[in-house]
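Colleague: Handing you a structure now.
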Amino acid sequence: MTNPAPVGAVQELPRDKVERFDRELTAIVQRYPPDRKAAAMLPALRLGQEIFGYCSSAVQKLAADRLGTSPSRAEEVATFYVMFHTHPLGRHLVEICTNVSCCLNGGERIFEALKKKLGVKNGGTTPDGKFTLREVECLGSCGTAPAMLIDEVEMHERLDLKRVEQILEGLK
Amino acid sequence: MSETLILTKRWGKPNSAKLETYRADGGYAALDKALGLEPGAIVDEVKKSNLRGRGGAGFATGLKWTFLPKDVRPRYLTINADESEPGTFKDRYIIEHDPHQLIEGIAITCYALDIHLAYVYIRGEFPKQARILDEAIQEARAAGLLGKRLGGKKDFDLDIHVHRGAGAYICGEESALLESLEGKKGYPRLKPPFPAIVGLWGKPTIINNVETIANIPWILSNGGEAFAALGTGKTGGTRLFGVSGHVNRPGVYEKPAAYNLKKLILEDCGGIPGGRKVKAVIPGGSSSPVLRGDEIDISLEVDAVKAAGSMSGSGGIIVFDDSTCMVRALARIAKFYAEESCGQCTPCREGTSWMEAIVEKIEHGHGTLADVEKLEQIAGCIGGNTICALGDAASMPVQSFVKKFKDEFIRHVEERRCPYGDHGWGLDQSSRPAVVGAVKY
Ligand SMILES: Cc1cc2nc3c(=O)[nH]c(=O)nc-3n(C[C@H](O)[C@H](O)[C@H](O)COP(=O)(O)O)c2cc1C
Ligand code: SF4
Ligand code: FES
């Protein structure tokens, strides 16, 4: 890509990681018409978050720069969606669904018990930095409720507190 | 009469997501057939089928397709796999168990509508499903079914891509979905113009739900009339009903579109745990007005549910037994809409937060009778005064819960506490084995 040197904080990002970002972004951008690169903002921010750990303003600027759009557009997107994190999280993000179908099958009880056990509030991170706990909206697993999503990739269903504790214990 | 299964037929078969399996079962023959027809004849067949959108609004699919302006190109197809309406969990299984049926449906639709680029917008919380779908698309492309020569025989190029969302219910609303697909925050657009006229990147765009399009191959193979005959009235085919909450066998059931709601709950789903009674049923996702337990002996056909004062919506059926606190349930629903309102329109942004706060107050025993009235008033002021239908979606549950379970709201006020205490979500909140098509979970 033949862009001028990116602005500000972007230079603070490790160069090898930026190279990986550029490489992987090139493949992603192919999915959109050549004159519609900015459409790749969501996947670009997701990729940036994966590579750099979270969606910092440097990551937002990097994505905007590569997609030929403004940093404010990137910021707007990064702050609108709940799966983009503009601040660092614990090593594992534990998300418990507390929407209706899950609660009818114990979701709220699991969430309340976890808050106690981990000693955190909704959205909080444990002092050792291992877990961030968060309540989420319906995960599309209502038939196999209650549901939990780990690190935004691993869906666990048909849970009870014991099973949840086992899963958390199994995480490094 | 043995039940006809269109959507769940292959679920649970070994390697059901693989191209080879799909082809061995006659897959992609419908595309073959379609490519021998005039595009207009395909649209006519879909019109005859009485296929109605399975995403929530129940709009006639064939009719929607005719709204595309004749001479504007390019046109786009977008498949809505956002599946975020609480109580809805069906599209994910189509993708998990039979992605090629969806891909074949997309291919036929694109051929019928002269579309060469399609996106599947899938919610960010479905990474596994996004990967399965992406792999299936690559498989179809590698087999020469997509790409330059559609179905491996026609000079018609078609690309299909998966676009993942990032956690926002509003992006299931079709115009917010387009904004999100363009790489922006999900702010719904003012309509008209509708997406069929001005859609993705300003071009005519058809948006259909996953389940809607997964029916297209069957309609092509068996004819629109056969599909229409599976349903009644203006709704053809079978539907995927997702039943959750207090039932013995939750899951996804494929049934004729006009199946009886009570039968589904009491017979197919094995009734209510502990022999308790049905207190309430939400028949079509959390946005649809709630029905009382004595109102569920109805057909699930779109217009029949409407006549019963609710909506068959997304087919997401939530069952509450008679030990559940309806105020608690509404408080959670109200919180959902307050969280998910995009904030563009004042009545929706403010109204959803007020409703959440008031129901919460009543649930905790701090409400007054005036609060109950105020709730109804606020709900009445949102619907119809907003850019998108989330405003209505937020007010319908409030209006229906208060109307149908007013005594419970009043009891909370009079007793200054929740009469259900710690058991608001029911006496038995354990998880129960589910059946999804023929698959056991
Ligand atoms: C707030 C809101 C959320 C919606 N969420 C979804 C969704 O998750 N999936 C879906 O298919 N349709 C959803 N819809 C309906 C879509 O706007 C649209 O009507 C549908 O995708 C059209 O496809 P169909 O005609 O095949 O049903 C939603 C609508 C609103 C107002
Ligand atoms: S009705 Fe609500 S969700 Fe829809 S555009 Fe207005 S504020 Fe946003
Ligand atoms: S309510 Fe929890 S997954 Fe749907």
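By convention here, the chains of the structure tokens are called A, B, ... in the order presented, each chain's residues are numbered starting at 1, and ligands are numbered starting at 1 in the order presented.
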Step one, run DSSP on the backbone; step two, keep only residues of segment 263-389 of chain B assigned to strand (DSSP E); then write them as a PyMOL selection string.
Modeller: chain B and resi 278-282+291-292+316-321
Colleague: Any idea which chain A residues end up within 8 Å of chain B if we count only C-alpha atoms, as a PyMOL selection string please?
Modeller: chain A and resi 31+36+38-43+73+76-77+80-84+99-106+137-146+152-153+158-160
Colleague: Just the number, please: distance in Å from atom CA of Ala229 of chain B to atom CA of Ala257 of chain B, one decimal.
Modeller: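 Interatomic distance, atom CA of Ala229 of chain B to atom CA of Ala257 of chain B: 10.1 Å.
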Colleague: Find the spatial neighbours of segment 67-75 of chain B, counting only C-alpha atoms, within a cut-off of 10 Å - ignore same-chain residues fewer than 5 positions away - and output them as JSON, numbers by chain.
Modeller: {"B": [62, 110, 113, 114, 115, 116, 117, 118, 194, 195, 196, 197, 198, 199, 200, 201, 202, 203, 204, 205, 206]}
Colleague: Those same residues - C-alpha atoms - I'd like them written as a PDB file, in the first residue's frame.
Modeller:
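Final output, saved to again.pdb:
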```pdb
ATOM      1  CA  GLY B  62     -41.349 -12.417  -4.227  1.00  0.00           C
ATOM      2  CA  CYS B 110     -28.715 -13.706  -7.475  1.00  0.00           C
ATOM      3  CA  LEU B 113     -32.277 -10.819  -9.818  1.00  0.00           C
ATOM      4  CA  ASP B 114     -29.142 -10.241 -11.913  1.00  0.00           C
ATOM      5  CA  ILE B 115     -26.958  -9.716  -8.863  1.00  0.00           C
ATOM      6  CA  HIS B 116     -23.244 -10.474  -8.942  1.00  0.00           C
ATOM      7  CA  LEU B 117     -22.124  -9.643  -5.434  1.00  0.00           C
ATOM      8  CA  ALA B 118     -23.703 -10.897  -2.214  1.00  0.00           C
ATOM      9  CA  PHE B 194     -36.170   1.617   0.892  1.00  0.00           C
ATOM     10  CA  PRO B 195     -33.027  -0.468   0.365  1.00  0.00           C
ATOM     11  CA  ALA B 196     -34.511  -2.115  -2.732  1.00  0.00           C
ATOM     12  CA  ILE B 197     -34.239   1.336  -4.342  1.00  0.00           C
ATOM     13  CA  VAL B 198     -31.289   2.914  -2.504  1.00  0.00           C
ATOM     14  CA  GLY B 199     -29.308   0.367  -0.533  1.00  0.00           C
ATOM     15  CA  LEU B 200     -25.705  -0.689  -0.178  1.00  0.00           C
ATOM     16  CA  TRP B 201     -23.401   2.064  -1.472  1.00  0.00           C
ATOM     17  CA  GLY B 202     -26.493   3.803  -2.767  1.00  0.00           C
ATOM     18  CA  LYS B 203     -27.431   0.927  -5.068  1.00  0.00           C
ATOM     19  CA  PRO B 204     -30.583  -1.229  -5.125  1.00  0.00           C
ATOM     20  CA  THR B 205     -30.207  -3.955  -2.521  1.00  0.00           C
ATOM     21  CA  ILE B 206     -32.328  -6.902  -1.500  1.00  0.00           C
TER      22      ILE B 206
END
```
Colleague: Using only C-alpha atoms, which of B:Tyr93, B:Phe227, B:Phe409, B:Tyr76 sits nearest Phe241 of chain B?
Modeller: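 Between B:Tyr93, B:Phe227, B:Phe409, B:Tyr76, the residue approaching Phe241 of chain B most closely is B:Tyr93.
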Colleague: Env of Gln60 of chain A: 9 Å cut, atoms = only C-alpha atoms, seq-sep filter 3 positions within chain, self excluded. Answer as a PyMOL selection string.
Modeller: chain A and resi 10+44-45+48+55-57+63-65+71-75+78
Colleague: Those residues you just picked out, can you put them in a file as a PDB file, in the first residue's frame with N, CA, C and O atoms?
Modeller:
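Output file selection.pdb is given in full below:
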```pdb
ATOM      1  N   VAL A  10       0.397   5.992  15.740  1.00  0.00           N
ATOM      2  CA  VAL A  10       0.594   4.771  14.966  1.00  0.00           C
ATOM      3  C   VAL A  10       2.055   4.342  14.975  1.00  0.00           C
ATOM      4  O   VAL A  10       2.373   3.155  15.027  1.00  0.00           O
ATOM      5  N   ALA A  44     -11.199  -4.696   9.939  1.00  0.00           N
ATOM      6  CA  ALA A  44      -9.882  -4.107  10.189  1.00  0.00           C
ATOM      7  C   ALA A  44      -9.677  -3.865  11.684  1.00  0.00           C
ATOM      8  O   ALA A  44      -8.614  -4.149  12.237  1.00  0.00           O
ATOM      9  N   LEU A  45     -10.703  -3.330  12.329  1.00  0.00           N
ATOM     10  CA  LEU A  45     -10.575  -3.081  13.770  1.00  0.00           C
ATOM     11  C   LEU A  45     -10.492  -4.404  14.536  1.00  0.00           C
ATOM     12  O   LEU A  45      -9.759  -4.518  15.523  1.00  0.00           O
ATOM     13  N   GLY A  48      -7.008  -5.577  14.112  1.00  0.00           N
ATOM     14  CA  GLY A  48      -6.107  -4.749  14.922  1.00  0.00           C
ATOM     15  C   GLY A  48      -6.190  -5.144  16.386  1.00  0.00           C
ATOM     16  O   GLY A  48      -5.179  -5.260  17.086  1.00  0.00           O
ATOM     17  N   CYS A  55      -8.368  -2.152  21.027  1.00  0.00           N
ATOM     18  CA  CYS A  55      -8.595  -1.177  19.965  1.00  0.00           C
ATOM     19  C   CYS A  55      -8.177   0.219  20.416  1.00  0.00           C
ATOM     20  O   CYS A  55      -9.008   1.115  20.558  1.00  0.00           O
ATOM     21  N   SER A  56      -6.898   0.407  20.645  1.00  0.00           N
ATOM     22  CA  SER A  56      -6.394   1.697  21.122  1.00  0.00           C
ATOM     23  C   SER A  56      -6.592   2.754  20.055  1.00  0.00           C
ATOM     24  O   SER A  56      -6.890   2.441  18.898  1.00  0.00           O
ATOM     25  N   SER A  57      -6.367   4.005  20.412  1.00  0.00           N
ATOM     26  CA  SER A  57      -6.555   5.039  19.396  1.00  0.00           C
ATOM     27  C   SER A  57      -5.492   4.902  18.309  1.00  0.00           C
ATOM     28  O   SER A  57      -5.724   5.252  17.154  1.00  0.00           O
ATOM     29  N   ALA A  63      -6.029   1.682  11.271  1.00  0.00           N
ATOM     30  CA  ALA A  63      -7.096   1.144  10.409  1.00  0.00           C
ATOM     31  C   ALA A  63      -7.618   2.226   9.474  1.00  0.00           C
ATOM     32  O   ALA A  63      -7.783   2.004   8.268  1.00  0.00           O
ATOM     33  N   ALA A  64      -7.861   3.412  10.027  1.00  0.00           N
ATOM     34  CA  ALA A  64      -8.377   4.513   9.207  1.00  0.00           C
ATOM     35  C   ALA A  64      -7.400   4.858   8.091  1.00  0.00           C
ATOM     36  O   ALA A  64      -7.791   5.036   6.934  1.00  0.00           O
ATOM     37  N   ASP A  65      -6.139   4.925   8.452  1.00  0.00           N
ATOM     38  CA  ASP A  65      -5.108   5.262   7.466  1.00  0.00           C
ATOM     39  C   ASP A  65      -5.094   4.249   6.320  1.00  0.00           C
ATOM     40  O   ASP A  65      -5.116   4.607   5.144  1.00  0.00           O
ATOM     41  N   PRO A  71      -9.742   9.160  10.975  1.00  0.00           N
ATOM     42  CA  PRO A  71      -9.671   8.545  12.300  1.00  0.00           C
ATOM     43  C   PRO A  71     -10.980   8.695  13.078  1.00  0.00           C
ATOM     44  O   PRO A  71     -11.324   7.823  13.877  1.00  0.00           O
ATOM     45  N   SER A  72     -11.726   9.759  12.807  1.00  0.00           N
ATOM     46  CA  SER A  72     -12.965   9.924  13.564  1.00  0.00           C
ATOM     47  C   SER A  72     -13.974   8.840  13.164  1.00  0.00           C
ATOM     48  O   SER A  72     -14.754   8.373  13.978  1.00  0.00           O
ATOM     49  N   ARG A  73     -13.939   8.444  11.917  1.00  0.00           N
ATOM     50  CA  ARG A  73     -14.804   7.337  11.490  1.00  0.00           C
ATOM     51  C   ARG A  73     -14.421   6.061  12.243  1.00  0.00           C
ATOM     52  O   ARG A  73     -15.276   5.319  12.728  1.00  0.00           O
ATOM     53  N   ALA A  74     -13.143   5.808  12.339  1.00  0.00           N
ATOM     54  CA  ALA A  74     -12.687   4.608  13.044  1.00  0.00           C
ATOM     55  C   ALA A  74     -13.100   4.665  14.508  1.00  0.00           C
ATOM     56  O   ALA A  74     -13.544   3.664  15.085  1.00  0.00           O
ATOM     57  N   GLU A  75     -12.997   5.834  15.099  1.00  0.00           N
ATOM     58  CA  GLU A  75     -13.341   5.979  16.512  1.00  0.00           C
ATOM     59  C   GLU A  75     -14.836   5.746  16.738  1.00  0.00           C
ATOM     60  O   GLU A  75     -15.239   5.067  17.688  1.00  0.00           O
ATOM     61  N   ALA A  78     -15.327   2.074  16.590  1.00  0.00           N
ATOM     62  CA  ALA A  78     -14.708   1.383  17.730  1.00  0.00           C
ATOM     63  C   ALA A  78     -15.513   1.577  19.009  1.00  0.00           C
ATOM     64  O   ALA A  78     -15.504   0.721  19.890  1.00  0.00           O
TER      65      ALA A  78
END
```
